$ cat query15.txt   # compact mmCIF, C-alpha atoms
# COMPACT_ATOMS: atom_id res chain seq x y z
CA MET A 1 36.47 -47.66 3.51
CA SER A 2 33.91 -44.92 2.86
CA ALA A 3 33.44 -46.43 -0.60
CA ARG A 4 31.79 -49.37 1.15
CA CYS A 5 33.49 -52.07 -0.88
CA PRO A 6 31.78 -55.46 -0.68
CA VAL A 7 34.65 -56.64 1.48
CA ILE A 8 37.72 -54.97 2.87
CA HIS A 9 40.77 -56.01 0.85
CA TRP A 10 43.59 -55.76 3.37
CA SER A 11 46.22 -55.87 0.60
CA THR A 12 44.59 -52.83 -1.07
CA LEU A 13 44.32 -51.05 2.27
CA PHE A 14 47.99 -51.81 2.96
CA GLY A 15 48.99 -50.57 -0.51
CA LEU A 16 46.94 -47.40 0.01
CA ALA A 17 48.61 -46.73 3.36
CA ILE A 18 52.13 -47.34 1.97
CA SER A 19 51.66 -45.29 -1.22
CA LEU A 20 50.10 -42.35 0.63
CA PHE A 21 52.75 -42.54 3.35
CA LEU A 22 55.53 -42.43 0.76
CA ALA A 23 53.93 -39.65 -1.30
CA ILE A 24 53.04 -37.45 1.70
CA ALA A 25 56.41 -38.00 3.38
CA GLY A 26 58.18 -37.21 0.11
CA SER A 27 56.26 -33.99 -0.58
CA THR A 28 56.67 -32.87 3.05
CA ILE A 29 60.44 -33.35 2.83
CA ILE A 30 60.58 -31.41 -0.46
CA ASN A 31 58.54 -28.61 1.15
CA MET A 32 60.93 -28.50 4.08
CA TRP A 33 63.86 -28.47 1.68
CA PHE A 34 62.40 -25.50 -0.20
CA ASP A 35 61.36 -23.62 2.97
CA ARG A 36 64.59 -24.20 4.91
CA ASP A 37 65.53 -20.51 4.67
CA ILE A 38 62.28 -19.22 6.20
CA ASP A 39 62.12 -22.13 8.67
CA ALA A 40 65.44 -20.94 10.03
CA LEU A 41 63.91 -17.50 10.73
CA MET A 42 60.89 -18.77 12.69
CA LYS A 43 61.03 -19.92 16.34
CA ARG A 44 58.49 -22.65 15.75
CA THR A 45 60.45 -24.27 12.92
CA CYS A 46 64.09 -23.27 13.47
CA ASN A 47 64.88 -26.56 15.20
CA ARG A 48 63.92 -28.70 12.23
CA PRO A 49 66.72 -30.90 10.86
CA LEU A 50 67.42 -28.79 7.75
CA PRO A 51 67.75 -25.33 9.39
CA THR A 52 69.91 -26.80 12.16
CA GLY A 53 72.16 -28.50 9.62
CA LYS A 54 71.55 -32.02 10.92
CA ILE A 55 70.62 -33.04 7.38
CA LYS A 56 72.23 -31.69 4.21
CA PRO A 57 69.85 -29.99 1.73
CA GLN A 58 71.03 -32.23 -1.10
CA GLU A 59 70.29 -35.35 0.97
CA ALA A 60 66.81 -34.08 1.86
CA LEU A 61 65.96 -33.23 -1.74
CA GLN A 62 67.11 -36.64 -2.99
CA LEU A 63 65.14 -38.47 -0.30
CA GLY A 64 62.04 -36.31 -0.92
CA LEU A 65 62.12 -36.94 -4.67
CA PHE A 66 62.76 -40.67 -4.17
CA LEU A 67 59.87 -41.09 -1.70
CA SER A 68 57.49 -39.01 -3.83
CA PHE A 69 58.38 -40.95 -6.97
CA SER A 70 57.99 -44.29 -5.13
CA GLY A 71 54.61 -43.30 -3.69
CA VAL A 72 53.22 -42.03 -6.98
CA SER A 73 54.57 -45.06 -8.89
CA LEU A 74 52.98 -47.49 -6.45
CA ALA A 75 49.73 -45.51 -6.67
CA PHE A 76 49.71 -45.69 -10.49
CA VAL A 77 50.41 -49.44 -10.38
CA MET A 78 47.46 -49.94 -8.03
CA ASP A 79 45.03 -47.85 -10.09
CA PRO A 80 45.72 -45.18 -12.75
CA VAL A 81 42.98 -42.80 -11.56
CA TYR A 82 44.16 -43.18 -7.96
CA GLY A 83 47.73 -42.54 -9.12
CA ALA A 84 46.62 -39.40 -10.95
CA VAL A 85 44.95 -38.01 -7.81
CA VAL A 86 48.03 -38.72 -5.66
CA PHE A 87 50.26 -37.12 -8.33
CA THR A 88 47.96 -34.06 -8.51
CA GLY A 89 48.16 -33.78 -4.72
CA ILE A 90 51.96 -33.61 -4.83
CA ILE A 91 51.94 -31.06 -7.69
CA VAL A 92 49.44 -28.83 -5.88
CA ASP A 93 51.30 -29.14 -2.56
CA VAL A 94 54.87 -28.70 -3.75
CA LEU A 95 54.69 -26.63 -6.93
CA ILE A 96 51.55 -24.52 -6.55
CA TYR A 97 51.36 -24.06 -2.76
CA THR A 98 54.93 -24.13 -1.50
CA ILE A 99 57.07 -22.97 -4.42
CA TRP A 100 54.71 -20.64 -6.28
CA LEU A 101 52.17 -19.07 -3.88
CA LYS A 102 53.19 -19.42 -0.22
CA ARG A 103 55.56 -16.43 -0.30
CA ARG A 104 53.35 -14.36 -2.62
CA THR A 105 49.80 -14.35 -1.29
CA ALA A 106 47.83 -15.04 1.89
CA TRP A 107 45.34 -16.95 -0.27
CA SER A 108 47.89 -19.74 -0.76
CA ILE A 109 46.21 -21.58 2.13
CA LEU A 110 43.37 -22.47 -0.26
CA TRP A 111 45.86 -24.48 -2.30
CA GLY A 112 47.34 -25.91 0.87
CA GLY A 113 43.81 -27.01 1.74
CA ILE A 114 43.26 -28.58 -1.66
CA SER A 115 46.48 -30.58 -1.39
CA GLY A 116 45.51 -31.57 2.16
CA GLY A 117 42.21 -32.90 0.84
CA MET A 118 43.81 -35.04 -1.86
CA PRO A 119 44.62 -38.12 0.29
CA ILE A 120 40.98 -38.59 1.34
CA LEU A 121 39.84 -38.13 -2.27
CA ALA A 122 42.55 -40.56 -3.42
CA GLY A 123 41.36 -43.22 -1.00
CA ARG A 124 37.77 -42.81 -2.14
CA VAL A 125 38.85 -42.95 -5.81
CA LEU A 126 40.77 -46.17 -5.16
CA GLY A 127 37.58 -47.72 -3.78
CA LEU A 128 35.29 -46.50 -6.58
CA HIS A 129 37.69 -46.02 -9.53
CA GLN A 130 36.10 -42.63 -10.15
CA ILE A 131 35.60 -39.22 -8.55
CA ASP A 132 32.12 -38.82 -7.04
CA GLY A 133 30.18 -36.22 -5.06
CA VAL A 134 30.94 -37.83 -1.71
CA GLY A 135 34.66 -37.75 -2.50
CA ILE A 136 34.42 -34.05 -3.32
CA LEU A 137 32.47 -33.38 -0.11
CA LEU A 138 35.10 -35.21 1.94
CA THR A 139 37.80 -33.18 0.17
CA LEU A 140 35.87 -29.97 0.93
CA GLY A 141 35.69 -31.07 4.57
CA ILE A 142 39.50 -31.22 4.74
CA LEU A 143 39.92 -28.11 2.56
CA PHE A 144 37.85 -26.02 5.00
CA TRP A 145 39.39 -27.66 8.05
CA ILE A 146 42.94 -26.72 7.00
CA PRO A 147 42.38 -22.93 7.47
CA THR A 148 41.41 -23.63 11.09
CA HIS A 149 44.87 -25.11 11.48
CA ILE A 150 46.97 -22.70 9.42
CA LEU A 151 45.17 -19.45 10.34
CA THR A 152 45.36 -20.28 14.05
CA PHE A 153 49.11 -20.74 13.67
CA ASN A 154 49.27 -17.51 11.63
CA MET A 155 47.79 -15.62 14.60
CA ARG A 156 49.62 -17.51 17.34
CA TYR A 157 53.03 -17.04 15.70
CA PHE A 158 52.22 -13.71 14.02
CA GLU A 159 55.64 -12.12 14.68
CA ASP A 160 57.41 -15.22 13.37
CA TYR A 161 55.56 -15.06 10.06
CA GLN A 162 56.12 -11.29 9.86
CA PHE A 163 59.83 -11.75 10.46
CA ALA A 164 60.06 -14.43 7.78
CA GLY A 165 58.14 -12.21 5.36
CA ILE A 166 55.34 -14.68 4.67
CA PRO A 167 52.02 -13.07 3.70
CA THR A 168 49.31 -14.19 6.09
CA PHE A 169 45.58 -13.67 6.51
CA PRO A 170 45.87 -11.81 9.85
CA LYS A 171 48.37 -9.36 8.32
CA ARG A 172 46.30 -8.81 5.17
CA PHE A 173 42.78 -8.74 6.64
CA GLY A 174 43.24 -8.32 10.40
CA PHE A 175 42.65 -10.63 13.35
CA ARG A 176 38.88 -10.16 13.51
CA THR A 177 38.34 -11.18 9.88
CA THR A 178 40.72 -14.10 10.37
CA ARG A 179 38.72 -15.33 13.38
CA LEU A 180 35.56 -15.02 11.33
CA ALA A 181 37.20 -17.01 8.51
CA ILE A 182 38.26 -19.72 10.98
CA ALA A 183 34.77 -19.96 12.45
CA LEU A 184 33.05 -20.06 9.05
CA SER A 185 35.46 -22.58 7.57
CA SER A 186 35.07 -24.83 10.65
CA ILE A 187 31.31 -24.80 10.21
CA ILE A 188 31.55 -25.49 6.46
CA ALA A 189 34.01 -28.33 7.15
CA ALA A 190 31.64 -29.89 9.67
CA GLY A 191 28.71 -29.49 7.25
CA SER A 192 30.61 -31.12 4.38
CA ILE A 193 31.71 -34.09 6.48
CA GLY A 194 28.20 -34.48 7.92
CA ILE A 195 26.51 -34.47 4.48
CA ALA A 196 29.15 -36.88 3.16
CA GLY A 197 28.49 -39.21 6.10
CA TRP A 198 24.76 -39.08 5.41
CA LEU A 199 25.25 -39.76 1.68
CA ILE A 200 27.61 -42.65 2.43
CA GLY A 201 24.81 -44.19 4.47
CA MET A 202 26.22 -43.95 7.97
CA GLN A 203 23.96 -45.34 10.64
CA TRP A 204 21.80 -42.80 12.49
CA GLY A 205 23.72 -43.34 15.71
CA PHE A 206 27.00 -42.26 14.12
CA LEU A 207 25.28 -39.35 12.38
CA ARG A 208 23.88 -38.27 15.74
CA ILE A 209 27.39 -38.17 17.18
CA LEU A 210 28.61 -36.19 14.16
CA GLY A 211 25.67 -33.80 14.61
CA VAL A 212 26.40 -33.34 18.31
CA LEU A 213 30.12 -32.76 17.71
CA SER A 214 29.28 -30.31 14.90
CA ALA A 215 26.98 -28.41 17.28
CA GLY A 216 29.90 -28.15 19.73
CA LEU A 217 32.11 -26.83 16.94
CA PHE A 218 29.44 -24.27 16.02
CA VAL A 219 29.09 -23.05 19.61
CA LEU A 220 32.86 -22.72 20.03
CA ALA A 221 33.15 -20.95 16.66
CA ILE A 222 30.51 -18.41 17.73
CA ALA A 223 32.26 -17.98 21.11
CA SER A 224 35.56 -17.32 19.35
CA ILE A 225 33.94 -14.48 17.38
CA ARG A 226 31.92 -13.00 20.26
CA LYS A 227 34.67 -13.09 22.87
CA PRO A 228 37.92 -13.60 21.02
CA SER A 229 40.99 -14.60 22.97
CA ASP A 230 44.08 -16.68 22.32
CA HIS A 231 42.72 -19.31 24.69
CA THR A 232 39.36 -19.65 22.90
CA ASN A 233 40.90 -19.56 19.43
CA PHE A 234 43.44 -22.21 20.27
CA GLY A 235 40.61 -24.17 21.89
CA LEU A 236 38.66 -24.01 18.62
CA PHE A 237 41.74 -25.23 16.74
CA LYS A 238 42.15 -28.19 19.13
CA TYR A 239 38.44 -28.99 19.06
CA ALA A 240 38.37 -28.84 15.24
CA SER A 241 41.33 -31.25 15.12
CA LEU A 242 39.61 -33.60 17.55
CA TYR A 243 36.41 -33.26 15.54
CA MET A 244 38.18 -34.25 12.33
CA LEU A 245 39.84 -37.23 14.03
CA ALA A 246 36.47 -38.34 15.42
CA ALA A 247 34.78 -37.85 12.04
CA MET A 248 37.42 -39.94 10.25
CA LEU A 249 37.16 -42.69 12.88
CA LEU A 250 33.36 -42.70 12.62
CA LEU A 251 33.50 -42.81 8.82
CA SER A 252 35.89 -45.76 9.06
CA ILE A 253 34.51 -47.87 11.90
CA TYR A 254 30.91 -47.82 10.80
CA ILE A 255 31.83 -50.14 7.97
CA LEU A 256 33.79 -52.61 10.12
CA MET B 1 36.97 -36.59 31.00
CA PHE B 2 37.80 -38.61 27.89
CA SER B 3 36.13 -41.62 29.53
CA THR B 4 33.04 -39.49 30.13
CA ALA B 5 33.12 -38.32 26.50
CA LEU B 6 33.42 -41.91 25.26
CA LEU B 7 30.54 -43.09 27.45
CA ALA B 8 28.37 -40.18 26.32
CA SER B 9 29.27 -40.95 22.66
CA TYR B 10 28.23 -44.56 23.17
CA GLN B 11 24.95 -43.40 24.66
CA VAL B 12 24.27 -41.01 21.75
CA ALA B 13 25.21 -43.62 19.13
CA VAL B 14 23.55 -46.77 20.40
CA GLY B 15 22.20 -46.21 23.90
CA VAL B 16 18.90 -44.70 22.81
CA ASP B 17 18.26 -46.86 19.76
CA GLY B 18 14.81 -48.34 19.56
CA LEU B 19 13.04 -45.37 21.14
CA GLU B 20 10.58 -43.06 19.39
CA LEU B 21 12.01 -40.12 17.41
CA ILE B 22 11.24 -37.41 20.00
CA PRO B 23 12.93 -39.16 22.96
CA ILE B 24 15.90 -40.00 20.72
CA ILE B 25 16.28 -36.29 19.90
CA ILE B 26 15.81 -35.27 23.54
CA TYR B 27 18.29 -37.80 24.95
CA SER B 28 20.76 -37.03 22.13
CA ILE B 29 20.68 -33.37 23.19
CA GLY B 30 21.32 -34.36 26.83
CA PHE B 31 24.09 -36.87 26.26
CA GLY B 32 25.45 -34.82 23.35
CA THR B 33 25.82 -31.82 25.66
CA LEU B 34 27.59 -34.10 28.13
CA LEU B 35 29.92 -35.28 25.35
CA VAL B 36 30.75 -31.79 24.06
CA ALA B 37 31.07 -30.39 27.60
CA SER B 38 33.57 -33.13 28.50
CA LEU B 39 35.67 -32.41 25.42
CA LEU B 40 35.57 -28.66 26.01
CA LEU B 41 36.64 -29.11 29.63
CA VAL B 42 39.60 -31.17 28.43
CA ILE B 43 40.51 -28.60 25.78
CA LEU B 44 39.78 -25.32 27.58
CA GLY B 45 40.48 -26.46 31.13
CA TYR B 46 38.21 -26.47 34.16
CA ASP B 47 38.23 -22.70 34.43
CA ALA B 48 35.69 -22.81 31.59
CA LEU B 49 33.18 -23.79 34.29
CA LEU B 50 33.30 -20.23 35.55
CA ASN B 51 32.02 -18.89 32.21
CA SER B 52 28.38 -17.78 32.32
CA SER B 53 27.56 -19.48 29.00
CA VAL B 54 28.53 -22.80 30.59
CA ALA B 55 25.69 -22.43 33.11
CA ILE B 56 23.22 -21.95 30.26
CA ILE B 57 24.49 -24.83 28.14
CA SER B 58 24.96 -27.22 31.07
CA THR B 59 21.28 -26.73 31.94
CA LEU B 60 20.50 -28.70 28.79
CA ILE B 61 21.80 -31.88 30.47
CA PRO B 62 19.28 -32.20 33.36
CA LEU B 63 16.47 -30.54 31.41
CA SER B 64 16.68 -32.83 28.39
CA LEU B 65 17.16 -36.01 30.43
CA SER B 66 14.18 -35.12 32.62
CA CYS B 67 12.10 -34.29 29.52
CA GLY B 68 12.97 -37.71 28.07
CA LEU B 69 11.93 -39.48 31.26
CA ILE B 70 8.68 -37.51 31.44
CA TRP B 71 7.96 -38.36 27.79
CA ASP B 72 8.45 -42.05 28.47
CA TYR B 73 6.85 -42.51 31.89
CA ALA B 74 4.59 -39.58 32.70
CA ALA B 75 2.81 -38.85 29.43
CA HIS B 76 -0.03 -36.97 31.18
CA ILE B 77 2.26 -34.09 32.21
CA ARG B 78 4.37 -34.00 29.03
CA VAL B 79 3.10 -30.64 27.77
CA ALA B 80 3.26 -28.95 31.17
CA TYR B 81 6.80 -30.16 31.82
CA PHE B 82 8.03 -29.27 28.35
CA VAL B 83 6.67 -25.73 28.83
CA PHE B 84 8.48 -25.57 32.19
CA ALA B 85 11.72 -26.83 30.57
CA ILE B 86 11.61 -24.23 27.79
CA LEU B 87 10.69 -21.40 30.17
CA GLY B 88 13.36 -22.58 32.61
CA LEU B 89 16.04 -22.52 29.93
CA LEU B 90 14.89 -19.06 28.80
CA ALA B 91 14.84 -17.79 32.38
CA ILE B 92 18.38 -19.04 33.03
CA SER B 93 19.63 -17.53 29.76
CA ILE B 94 17.98 -14.15 30.36
CA SER B 95 18.98 -13.94 34.02
CA ARG B 96 22.59 -14.90 33.21
CA LEU B 97 22.89 -12.46 30.34
CA LEU B 98 20.96 -9.48 31.72
CA PHE B 99 21.08 -9.58 35.52
CA SER B 100 23.73 -9.80 38.17
CA GLY B 101 23.64 -10.50 41.90
CA LYS B 102 21.79 -13.43 43.45
CA SER B 103 18.83 -13.73 41.09
CA PRO B 104 20.65 -15.69 38.30
CA ASN B 105 21.84 -18.25 40.86
CA ILE B 106 18.38 -18.59 42.39
CA VAL B 107 16.82 -19.21 38.95
CA LEU B 108 19.57 -21.72 38.14
CA ALA B 109 19.11 -23.58 41.43
CA LEU B 110 15.32 -23.68 40.99
CA VAL B 111 15.37 -25.08 37.44
CA HIS B 112 18.19 -27.54 38.16
CA GLY B 113 16.46 -28.59 41.36
CA VAL B 114 13.18 -29.46 39.62
CA ALA B 115 14.94 -31.27 36.76
CA GLY B 116 17.16 -33.17 39.20
CA PHE B 117 14.11 -34.16 41.26
CA ILE B 118 12.44 -35.53 38.11
CA ILE B 119 15.54 -37.50 37.09
CA PHE B 120 15.82 -38.96 40.58
CA THR B 121 12.17 -39.84 41.18
CA VAL B 122 10.74 -40.85 37.77
CA PRO B 123 12.87 -44.02 37.45
CA ILE B 124 11.79 -45.04 40.98
CA TYR B 125 8.15 -44.39 40.06
CA ALA B 126 8.56 -46.36 36.81
CA TYR B 127 10.12 -49.27 38.71
CA LEU B 128 7.36 -49.29 41.33
CA GLN B 129 4.81 -49.35 38.49
CA SER B 130 6.69 -52.37 37.04
CA LEU B 131 7.35 -50.43 33.84
CA VAL B 132 11.12 -50.95 33.95
CA PRO B 133 13.59 -53.47 35.40
CA LEU B 134 15.61 -52.80 38.54
CA ILE B 135 18.70 -51.77 36.57
CA PHE B 136 16.85 -48.60 35.48
CA LEU B 137 17.30 -47.23 39.02
CA TRP B 138 20.88 -46.44 38.02
CA VAL B 139 19.34 -43.44 36.23
CA SER B 140 18.20 -42.17 39.63
CA ILE B 141 21.71 -42.63 40.98
CA GLY B 142 23.04 -40.71 37.96
CA GLY B 143 20.49 -38.00 38.73
CA GLY B 144 21.85 -37.84 42.25
CA PHE B 145 25.38 -37.30 40.95
CA VAL B 146 24.13 -34.60 38.56
CA GLY B 147 22.42 -32.96 41.53
CA ILE B 148 25.64 -32.95 43.55
CA GLY B 149 27.55 -31.62 40.52
CA GLY B 150 24.94 -28.88 40.01
CA SER B 151 25.17 -27.87 43.67
CA MET B 152 28.94 -27.66 43.39
CA LEU B 153 28.64 -25.47 40.32
CA TYR B 154 26.19 -23.27 42.24
CA LEU B 155 28.70 -22.94 45.11
CA LEU B 156 31.44 -22.17 42.64
CA LYS B 157 29.46 -19.40 40.96
CA SER B 158 27.90 -17.91 44.07
CA GLY B 159 31.31 -17.65 45.72
CA ASN B 160 29.85 -18.80 49.05
CA SER B 161 31.72 -22.08 49.17
CA LYS B 162 33.98 -22.84 52.11
CA VAL B 163 35.47 -25.61 49.99
CA PRO B 164 38.39 -24.33 47.90
CA HIS B 165 37.63 -23.78 44.20
CA SER B 166 40.49 -26.02 43.22
CA ARG B 167 38.97 -28.95 45.13
CA ILE B 168 35.55 -28.40 43.51
CA LEU B 169 37.17 -28.26 40.08
CA LYS B 170 39.00 -31.53 40.82
CA LEU B 171 35.85 -33.29 42.02
CA PHE B 172 33.65 -32.11 39.16
CA PRO B 173 35.04 -34.43 36.42
CA VAL B 174 34.76 -37.41 38.78
CA LEU B 175 31.10 -36.61 39.43
CA LEU B 176 30.43 -36.11 35.74
CA PHE B 177 31.98 -39.51 34.99
CA LEU B 178 30.01 -41.24 37.76
CA ALA B 179 26.78 -39.61 36.54
CA THR B 180 27.44 -40.63 32.93
CA ILE B 181 28.32 -44.25 33.72
CA SER B 182 25.24 -44.51 35.94
CA PHE B 183 23.05 -43.24 33.10
CA VAL B 184 24.65 -45.63 30.60
CA ILE B 185 24.04 -48.59 32.92
CA GLY B 186 20.49 -47.44 33.69
CA PHE B 187 19.54 -46.89 30.06
CA MET B 188 20.65 -50.45 29.26
CA ALA B 189 17.14 -51.30 30.41
CA TYR B 190 15.97 -49.95 27.05
CA ARG B 191 18.11 -52.40 25.12

$ encode --input "query15.txt" --output "structure tokens"
Amino acid sequence: MSARCPVIHWSTLFGLAISLFLAIAGSTIINMWFDRDIDALMKRTCNRPLPTGKIKPQEALQLGLFLSFSGVSLAFVMDPVYGAVVFTGIIVDVLIYTIWLKRRTAWSILWGGISGGMPILAGRVLGLHQIDGVGILLTLGILFWIPTHILTFNMRYFEDYQFAGIPTFPKRFGFRTTRLAIALSSIIAAGSIGIAGWLIGMQWGFLRILGVLSAGLFVLAIASIRKPSDHTNFGLFKYASLYMLAAMLLLSIYIL
Amino acid sequence: MFSTALLASYQVAVGVDGLELIPIIIYSIGFGTLLVASLLLVILGYDALLNSSVAIISTLIPLSLSCGLIWDYAAHIRVAYFVFAILGLLAISISRLLFSGKSPNIVLALVHGVAGFIIFTVPIYAYLQSLVPLIFLWVSIGGGFVGIGGSMLYLLKSGNSKVPHSRILKLFPVLLFLATISFVIGFMAYR
């Protein structure tokens, strides 16, 4: 929708939703299949179907591979460049982030962020048939929003991650640096989305709302550094999530 | 509070369209603060109202709305009022951050009082001068609600209230919603 096609093709939109749903569901299931041992060690994730034994690992792997393959295939049929971006997203998410880096380095979240940004880039590519600056800015917006999510969880469930032996930012660099990273990445995410919105040609009214919401994010980010507390940090996480939801809605509805 | 946030969003996005650039910026600051404040109260809970930074930021609501009204309907005192607004904001910030005791509350009450008076009276003046339609008087009503909300905040912070804190905290979102919807209706006169 951000690509501002002359008209909205509902069949394309439907295909986009189905292919992304299949690909994301598939890669998430494969991730859960691979991480079932550490999920079982963490309070937050120990009740998932694989650690509790409700679903057999073999079943999960087969379903994950089937859904991923279906999603990527549909994406390639719709548009080869779009298919390539969706495929890259799965490779980065499953192979690079989950299997290779997640248990080795705290910096793996960067790759988690890149894979998280792939769906929005894919959608843009499907509209334009090429990768452009706006698509990259939107991807950066998600890439820098993801740390707000993951790092907050890293601090909130610090003992869980320690117990499971997963390297995290708070363990490697301390809580203060992590809070700073969250605040900075939130601001960069808001900036990227705002510039993308402006370049897309959003109406001034919508840009004003984005600006106002970004200012709120900035204030909360500063507050979380000046007077850090669990309450404020989790507040920043919730606000950043709400901000991203609002930004996506604004980017979508302005065209309708 | 979500309803208040949605109304404030509407006002920021389309409610001030067609005005000059300066009033658009001023009203966007006012309604934008209302929007962000509503979201933060939902996320952080009403105890956030007890934070001293909230007093500073919430001052932006009456000050910016009153500045917008002065810009539109009392051009001859624009400069004087803008100077008052900036000094008022500075005074509240400094008194909140550097002083304790009664003085921060007195400064807050004074600045809020003047801004509230402007929001309440300027629409009436503009209507009597036949500059705006009757519907614009809803802005005055909104100003009244902001005034009541400001007084409640004052009571909350000064600790002199005989009304329980919990009741004030319950009433506050209702007042904020009533103020916002009154402003949205009133500003329809611009459209």

$ closest_atom_pairs --input "query15.txt" --of "chain B" --to "chain A" --cutoff "8 Å" --atoms "all atoms listed in the file" --output "tab-separated table"
residue	atom	partner	partner_atom	distance
B:Ser9	CA	A:Ile209	CA	6.4
B:Val12	CA	A:Ile209	CA	6.2
B:Ala13	CA	A:Gly205	CA	3.7
B:Val14	CA	A:Gly205	CA	5.8
B:Asp17	CA	A:Gly205	CA	7.7
B:Ser28	CA	A:Arg208	CA	7.2
B:Ile29	CA	A:Val212	CA	7.5
B:Gly32	CA	A:Val212	CA	5.3
B:Thr33	CA	A:Val212	CA	7.5
B:Val36	CA	A:Gly216	CA	5.7
B:Leu39	CA	A:Tyr239	CA	7.7
B:Leu40	CA	A:Tyr239	CA	7.5
B:Ile43	CA	A:Gly235	CA	5.9
B:Leu44	CA	A:Gly235	CA	5.9

$ residues_around --input "query15.txt" --residues "Pro104 of chain B" --least-positions-apart "6" --cutoff "7 Å" --atoms "only C-alpha atoms" --output "MDAnalysis selection string"
chainID B and resid 92 95:96

$ write_last_selection --input "query15.txt" --atoms "C-alpha atoms" --output "compact mmCIF listing (two decimals), in the coordinates of the input"
# COMPACT_ATOMS: atom_id res chain seq x y z
CA ILE B 92 18.38 -19.04 33.03
CA SER B 95 18.98 -13.94 34.02
CA ARG B 96 22.59 -14.90 33.21

$ closest_residue --input "query15.txt" --among "B:Ser100, B:Ser151, B:Asn105, B:Gln129" --to "Tyr73 of chain B" --atoms "all atoms listed in the file"
B:Gln129

$ residues_around --input "query15.txt" --residues "segment 183-196 of chain A" --least-positions-apart "2" --cutoff "7 Å" --atoms "all atoms listed in the file" --output "ChimeraX atom specification"
/A:134,137-138,140-142,144-145,147-148,179-181,198-200,210,214,218,221-222,240

$ write_last_selection --input "query15.txt" --atoms "C-alpha atoms" --output "short mmCIF file (atom, residue, chain, number, x, y, z; two decimals), keeping the file's coordinate frame"
data_model
loop_
_atom_site.label_atom_id
_atom_site.label_comp_id
_atom_site.auth_asym_id
_atom_site.auth_seq_id
_atom_site.Cartn_x
_atom_site.Cartn_y
_atom_site.Cartn_z
CA VAL A 134 30.94 -37.83 -1.71
CA LEU A 137 32.47 -33.38 -0.11
CA LEU A 138 35.10 -35.21 1.94
CA LEU A 140 35.87 -29.97 0.93
CA GLY A 141 35.69 -31.07 4.57
CA ILE A 142 39.50 -31.22 4.74
CA PHE A 144 37.85 -26.02 5.00
CA TRP A 145 39.39 -27.66 8.05
CA PRO A 147 42.38 -22.93 7.47
CA THR A 148 41.41 -23.63 11.09
CA ARG A 179 38.72 -15.33 13.38
CA LEU A 180 35.56 -15.02 11.33
CA ALA A 181 37.20 -17.01 8.51
CA TRP A 198 24.76 -39.08 5.41
CA LEU A 199 25.25 -39.76 1.68
CA ILE A 200 27.61 -42.65 2.43
CA LEU A 210 28.61 -36.19 14.16
CA SER A 214 29.28 -30.31 14.90
CA PHE A 218 29.44 -24.27 16.02
CA ALA A 221 33.15 -20.95 16.66
CA ILE A 222 30.51 -18.41 17.73
CA ALA A 240 38.37 -28.84 15.24
#

$ residues_around --input "query15.txt" --residues "Ile131 of chain A" --least-positions-apart "3" --cutoff "10 Å" --atoms "only C-alpha atoms" --output "PyMOL selection string"
chain A and resi 81-82+85+121-122+124-128+134-136

$ residues_around --input "query15.txt" --residues "Ile114 of chain A" --least-positions-apart "2" --cutoff "8 Å" --atoms "only C-alpha atoms" --output "list in words"
Gly89, Val92, Leu110, Trp111, Gly112, Gly116, Gly117, Met118, Thr139, Leu140, Ile142 and Leu143 of chain A

$ residues_around --input "query15.txt" --residues "Gly15 of chain B" --least-positions-apart "2" --cutoff "8 Å" --atoms "all atoms listed in the file" --output "VMD selection string"
chain B and resid 10 to 13 17 184 187 to 188 190 to 191

$ atom_distance --input "query15.txt" --atom1 "atom CA of Ala247 of chain A" --atom2 "atom CA of Met202 of chain A"
11.3 Å
